[in-house]
Amino acid sequence: MEVFMRHLLSPLDFSVKELDELFDTASDIAANPKKYSKVCEGKKLATLFYEPSTRTRLSFEAAMLNLGGSVLGFSEASSSSASKGESVSDTIRIISCYADICAMRHSKEGAPLVASIHSGIPVINAGDGGHQHPTQTFTDLMTIRTLKGRLDNLTIGLCGDLKFGRTVHSLINSLARYSNIKFVLISPKELRVPDYIRDDVLNANNIEYEEVENLESAMPELDILYMTRIQRERFFNEEEYMRMKGFYILDNEKMKSAKPDMLVLHPLPRVNEISVEVDNDSRAAYFKQAQFGVYVRMALIMKLLEVEKPC
Ligand code: NCD
């Protein structure tokens, strides 16, 4: 009998109902962390990071350690056999003998999907090229749900590199499933969302959206402002990046025209798109957002490993 194993490759791999349950678990973890400190005893998480990361990798590792499990892995392709030419499918076959679950980040879109086909353990997509980043989206949704109290009836502005920003693609995909969501897509013309988001997600589902270039004029109507970094590593030439860098800088002056309860989110790292003076504004939620990432990843590891919730 073939055993069905779940992976997390796209944020849509979980239904809205499953996400609600995941966020309930994550909230309970935040309130009662001790209760969960042994639920993954004896289990191992492998972090296979072929691309740089601070938050995603370390929050995954912290999540598994908080659950009483252990972690192993690599944090750059050059220290793995990938540098000798090993394929992702061979690597995952081997990792399946060493660990119970893995999180993979790769510069190639679809690499975690390829891994999942050859894997004996659940594979979590921790970011694949300019494509998707489902666990960042779960973190974003958890942040909005907790701090705003809802995931519907929202006007959300996404600002910056909407073309290459994988967190943007995953967030639009996910929020499009909730009711009465309006997107304001704020970017230079060159960095607008790809067609597979505009046509296949927004237009195909009749989601309300507008594409604008000006951040200031969009501010007053937003409930959430999701700032993003210009994705330097995905540009074809440095000159083009230099032209785009600094296109948007959120500062206290611009925050004056925002709603008093608007939230500023950012997946981080930031470069210069949010001035540090904004950090003291009570609407700046990006550091809290990073903390939610640990709880969400703890809940996700438990779910994929089918670990019982402690009572
Ligand atoms: C994001 C990523 O890797 O896509 N970072 C993250 O995981 N929090 C955003 C970015 O690198 O700009």
# chains A, B, ... in the order shown; residues from 1 in each chain; ligands from 1
call {"tool": "residues_near_ligand", "arguments": {"ligand": "ligand 1", "cutoff": "6 Å", "atoms": "only C-alpha atoms and all ligand atoms", "output": "MDAnalysis selection string"}}
result
chainID A and resid 55:56 166:167 229 267:269
call {"tool": "write_last_selection", "arguments": {"atoms": "N, CA, C and O atoms", "output": "PDB file, in the first residue's frame"}}
result
ATOM      1  N   ARG A  55      16.444  34.584   8.310  1.00  0.00           N
ATOM      2  CA  ARG A  55      15.197  34.272   9.019  1.00  0.00           C
ATOM      3  C   ARG A  55      14.652  32.900   8.694  1.00  0.00           C
ATOM      4  O   ARG A  55      14.299  32.140   9.595  1.00  0.00           O
ATOM      5  N   THR A  56      14.527  32.574   7.423  1.00  0.00           N
ATOM      6  CA  THR A  56      13.818  31.337   7.079  1.00  0.00           C
ATOM      7  C   THR A  56      14.562  30.128   7.643  1.00  0.00           C
ATOM      8  O   THR A  56      13.978  29.294   8.331  1.00  0.00           O
ATOM      9  N   ARG A 166       9.245  36.571  -4.613  1.00  0.00           N
ATOM     10  CA  ARG A 166       8.451  35.335  -4.456  1.00  0.00           C
ATOM     11  C   ARG A 166       7.456  35.427  -3.309  1.00  0.00           C
ATOM     12  O   ARG A 166       6.401  34.811  -3.329  1.00  0.00           O
ATOM     13  N   THR A 167       7.782  36.246  -2.284  1.00  0.00           N
ATOM     14  CA  THR A 167       6.845  36.370  -1.161  1.00  0.00           C
ATOM     15  C   THR A 167       5.565  37.057  -1.639  1.00  0.00           C
ATOM     16  O   THR A 167       4.483  36.754  -1.163  1.00  0.00           O
ATOM     17  N   ARG A 229      11.900  44.205  -0.896  1.00  0.00           N
ATOM     18  CA  ARG A 229      13.243  44.575  -1.358  1.00  0.00           C
ATOM     19  C   ARG A 229      13.326  44.371  -2.878  1.00  0.00           C
ATOM     20  O   ARG A 229      12.750  43.417  -3.412  1.00  0.00           O
ATOM     21  N   PRO A 267       8.872  41.099   4.484  1.00  0.00           N
ATOM     22  CA  PRO A 267       9.416  39.763   4.804  1.00  0.00           C
ATOM     23  C   PRO A 267      10.838  39.844   5.362  1.00  0.00           C
ATOM     24  O   PRO A 267      11.315  38.895   5.981  1.00  0.00           O
ATOM     25  N   LEU A 268      11.501  40.962   5.102  1.00  0.00           N
ATOM     26  CA  LEU A 268      12.900  41.192   5.472  1.00  0.00           C
ATOM     27  C   LEU A 268      13.795  40.220   4.688  1.00  0.00           C
ATOM     28  O   LEU A 268      13.327  39.154   4.325  1.00  0.00           O
ATOM     29  N   PRO A 269      15.024  40.501   4.405  1.00  0.00           N
ATOM     30  CA  PRO A 269      15.773  41.666   4.851  1.00  0.00           C
ATOM     31  C   PRO A 269      15.364  42.946   4.104  1.00  0.00           C
ATOM     32  O   PRO A 269      15.010  42.888   2.936  1.00  0.00           O
TER      33      PRO A 269
END
call {"tool": "select_by_dssp", "arguments": {"residues": "range 96-141 of chain A", "states": "alpha helix (DSSP H)", "output": "compact mmCIF listing (two decimals) with N, CA and C atoms, in the first residue's frame"}}
result
# COMPACT_ATOMS: atom_id res chain seq x y z
N SER A 96 16.82 11.79 2.72
CA SER A 96 15.69 11.00 3.23
C SER A 96 16.15 9.90 4.18
N CYS A 97 17.41 9.49 4.07
CA CYS A 97 17.94 8.45 4.99
C CYS A 97 18.42 9.08 6.30
N TYR A 98 18.60 10.40 6.31
CA TYR A 98 19.20 11.04 7.48
C TYR A 98 18.21 11.82 8.34
N ALA A 111 12.70 23.55 -7.98
CA ALA A 111 13.64 22.57 -7.39
C ALA A 111 13.00 21.78 -6.23
N PRO A 112 12.27 22.44 -5.32
CA PRO A 112 11.63 21.66 -4.24
C PRO A 112 10.58 20.67 -4.77
N LEU A 113 9.93 21.04 -5.87
CA LEU A 113 8.96 20.12 -6.48
C LEU A 113 9.67 18.88 -6.99
N VAL A 114 10.79 19.08 -7.68
CA VAL A 114 11.59 17.95 -8.17
C VAL A 114 12.02 17.09 -6.98
N ALA A 115 12.47 17.76 -5.91
CA ALA A 115 12.91 17.01 -4.73
C ALA A 115 11.77 16.17 -4.18
N SER A 116 10.57 16.74 -4.14
CA SER A 116 9.44 16.02 -3.51
C SER A 116 9.13 14.72 -4.26
N ILE A 117 9.36 14.73 -5.56
CA ILE A 117 9.06 13.54 -6.37
C ILE A 117 9.97 12.36 -6.00
N HIS A 118 11.18 12.71 -5.57
CA HIS A 118 12.17 11.66 -5.27
C HIS A 118 12.39 11.47 -3.78
N PRO A 134 6.02 29.72 0.29
CA PRO A 134 4.80 29.47 1.08
C PRO A 134 4.93 29.72 2.58
N THR A 135 6.06 29.40 3.19
CA THR A 135 6.11 29.56 4.65
C THR A 135 6.22 31.04 5.05
N GLN A 136 6.77 31.88 4.16
CA GLN A 136 6.75 33.31 4.45
C GLN A 136 5.31 33.80 4.40
N THR A 137 4.56 33.27 3.44
CA THR A 137 3.14 33.67 3.34
C THR A 137 2.35 33.22 4.55
N PHE A 138 2.60 32.01 5.04
CA PHE A 138 1.89 31.57 6.25
C PHE A 138 2.23 32.52 7.41
N THR A 139 3.48 32.94 7.45
CA THR A 139 3.91 33.90 8.48
C THR A 139 3.16 35.23 8.31
N ASP A 140 3.06 35.70 7.07
CA ASP A 140 2.37 36.97 6.79
C ASP A 140 0.90 36.87 7.17
N LEU A 141 0.27 35.75 6.81
CA LEU A 141 -1.16 35.59 7.10
C LEU A 141 -1.40 35.51 8.61
call {"tool": "closest_residue", "arguments": {"among": "A:Val123, A:Cys159, A:Met142, A:Val307", "to": "Leu225 in chain A", "atoms": "only C-alpha atoms"}}
result
A:Cys159
call {"tool": "residues_around", "arguments": {"residues": "Gly69 in chain A", "least_positions_apart": "5", "cutoff": "10 Å", "atoms": "only C-alpha atoms", "output": "list in words"}}
result
Ser37, Lys38, Val39, Cys40, Glu41, Gly42, Lys43, Lys44, Leu45, Glu61, Ala62, Ala63 and Met64 of chain A
call {"tool": "write_last_selection", "arguments": {"atoms": "N, CA and C atoms", "output": "mmCIF file, in the first residue's frame"}}
result
data_model
loop_
_atom_site.group_PDB
_atom_site.id
_atom_site.type_symbol
_atom_site.label_atom_id
_atom_site.label_comp_id
_atom_site.auth_asym_id
_atom_site.auth_seq_id
_atom_site.Cartn_x
_atom_site.Cartn_y
_atom_site.Cartn_z
ATOM 1 N N SER A 37 7.283 21.456 24.013
ATOM 2 C CA SER A 37 8.742 21.385 23.986
ATOM 3 C C SER A 37 9.310 19.983 23.747
ATOM 4 N N LYS A 38 8.452 18.962 23.725
ATOM 5 C CA LYS A 38 8.981 17.611 23.504
ATOM 6 C C LYS A 38 8.249 16.860 22.394
ATOM 7 N N VAL A 39 7.314 17.519 21.724
ATOM 8 C CA VAL A 39 6.459 16.767 20.801
ATOM 9 C C VAL A 39 7.215 16.166 19.601
ATOM 10 N N CYS A 40 8.381 16.712 19.277
ATOM 11 C CA CYS A 40 9.147 16.153 18.149
ATOM 12 C C CYS A 40 10.442 15.489 18.612
ATOM 13 N N GLU A 41 10.449 15.036 19.855
ATOM 14 C CA GLU A 41 11.652 14.363 20.366
ATOM 15 C C GLU A 41 12.035 13.197 19.449
ATOM 16 N N GLY A 42 13.317 13.112 19.116
ATOM 17 C CA GLY A 42 13.777 12.007 18.263
ATOM 18 C C GLY A 42 13.634 12.282 16.771
ATOM 19 N N LYS A 43 13.001 13.399 16.411
ATOM 20 C CA LYS A 43 12.821 13.716 14.979
ATOM 21 C C LYS A 43 13.886 14.701 14.514
ATOM 22 N N LYS A 44 14.243 14.602 13.227
ATOM 23 C CA LYS A 44 15.275 15.491 12.683
ATOM 24 C C LYS A 44 14.758 16.289 11.490
ATOM 25 N N LEU A 45 15.132 17.570 11.488
ATOM 26 C CA LEU A 45 14.827 18.451 10.356
ATOM 27 C C LEU A 45 16.125 18.726 9.603
ATOM 28 N N GLU A 61 15.074 26.174 12.049
ATOM 29 C CA GLU A 61 15.898 25.434 13.013
ATOM 30 C C GLU A 61 15.407 25.683 14.435
ATOM 31 N N ALA A 62 15.113 26.967 14.737
ATOM 32 C CA ALA A 62 14.596 27.287 16.075
ATOM 33 C C ALA A 62 13.281 26.549 16.308
ATOM 34 N N ALA A 63 12.449 26.491 15.278
ATOM 35 C CA ALA A 63 11.143 25.824 15.412
ATOM 36 C C ALA A 63 11.334 24.360 15.803
ATOM 37 N N MET A 64 12.239 23.657 15.087
ATOM 38 C CA MET A 64 12.428 22.231 15.384
ATOM 39 C C MET A 64 13.057 22.044 16.766
#
call {"tool": "atom_distance", "arguments": {"atom1": "CA of Glu211 in chain A", "atom2": "CA of Ser187 in chain A"}}
result
7.6 Å
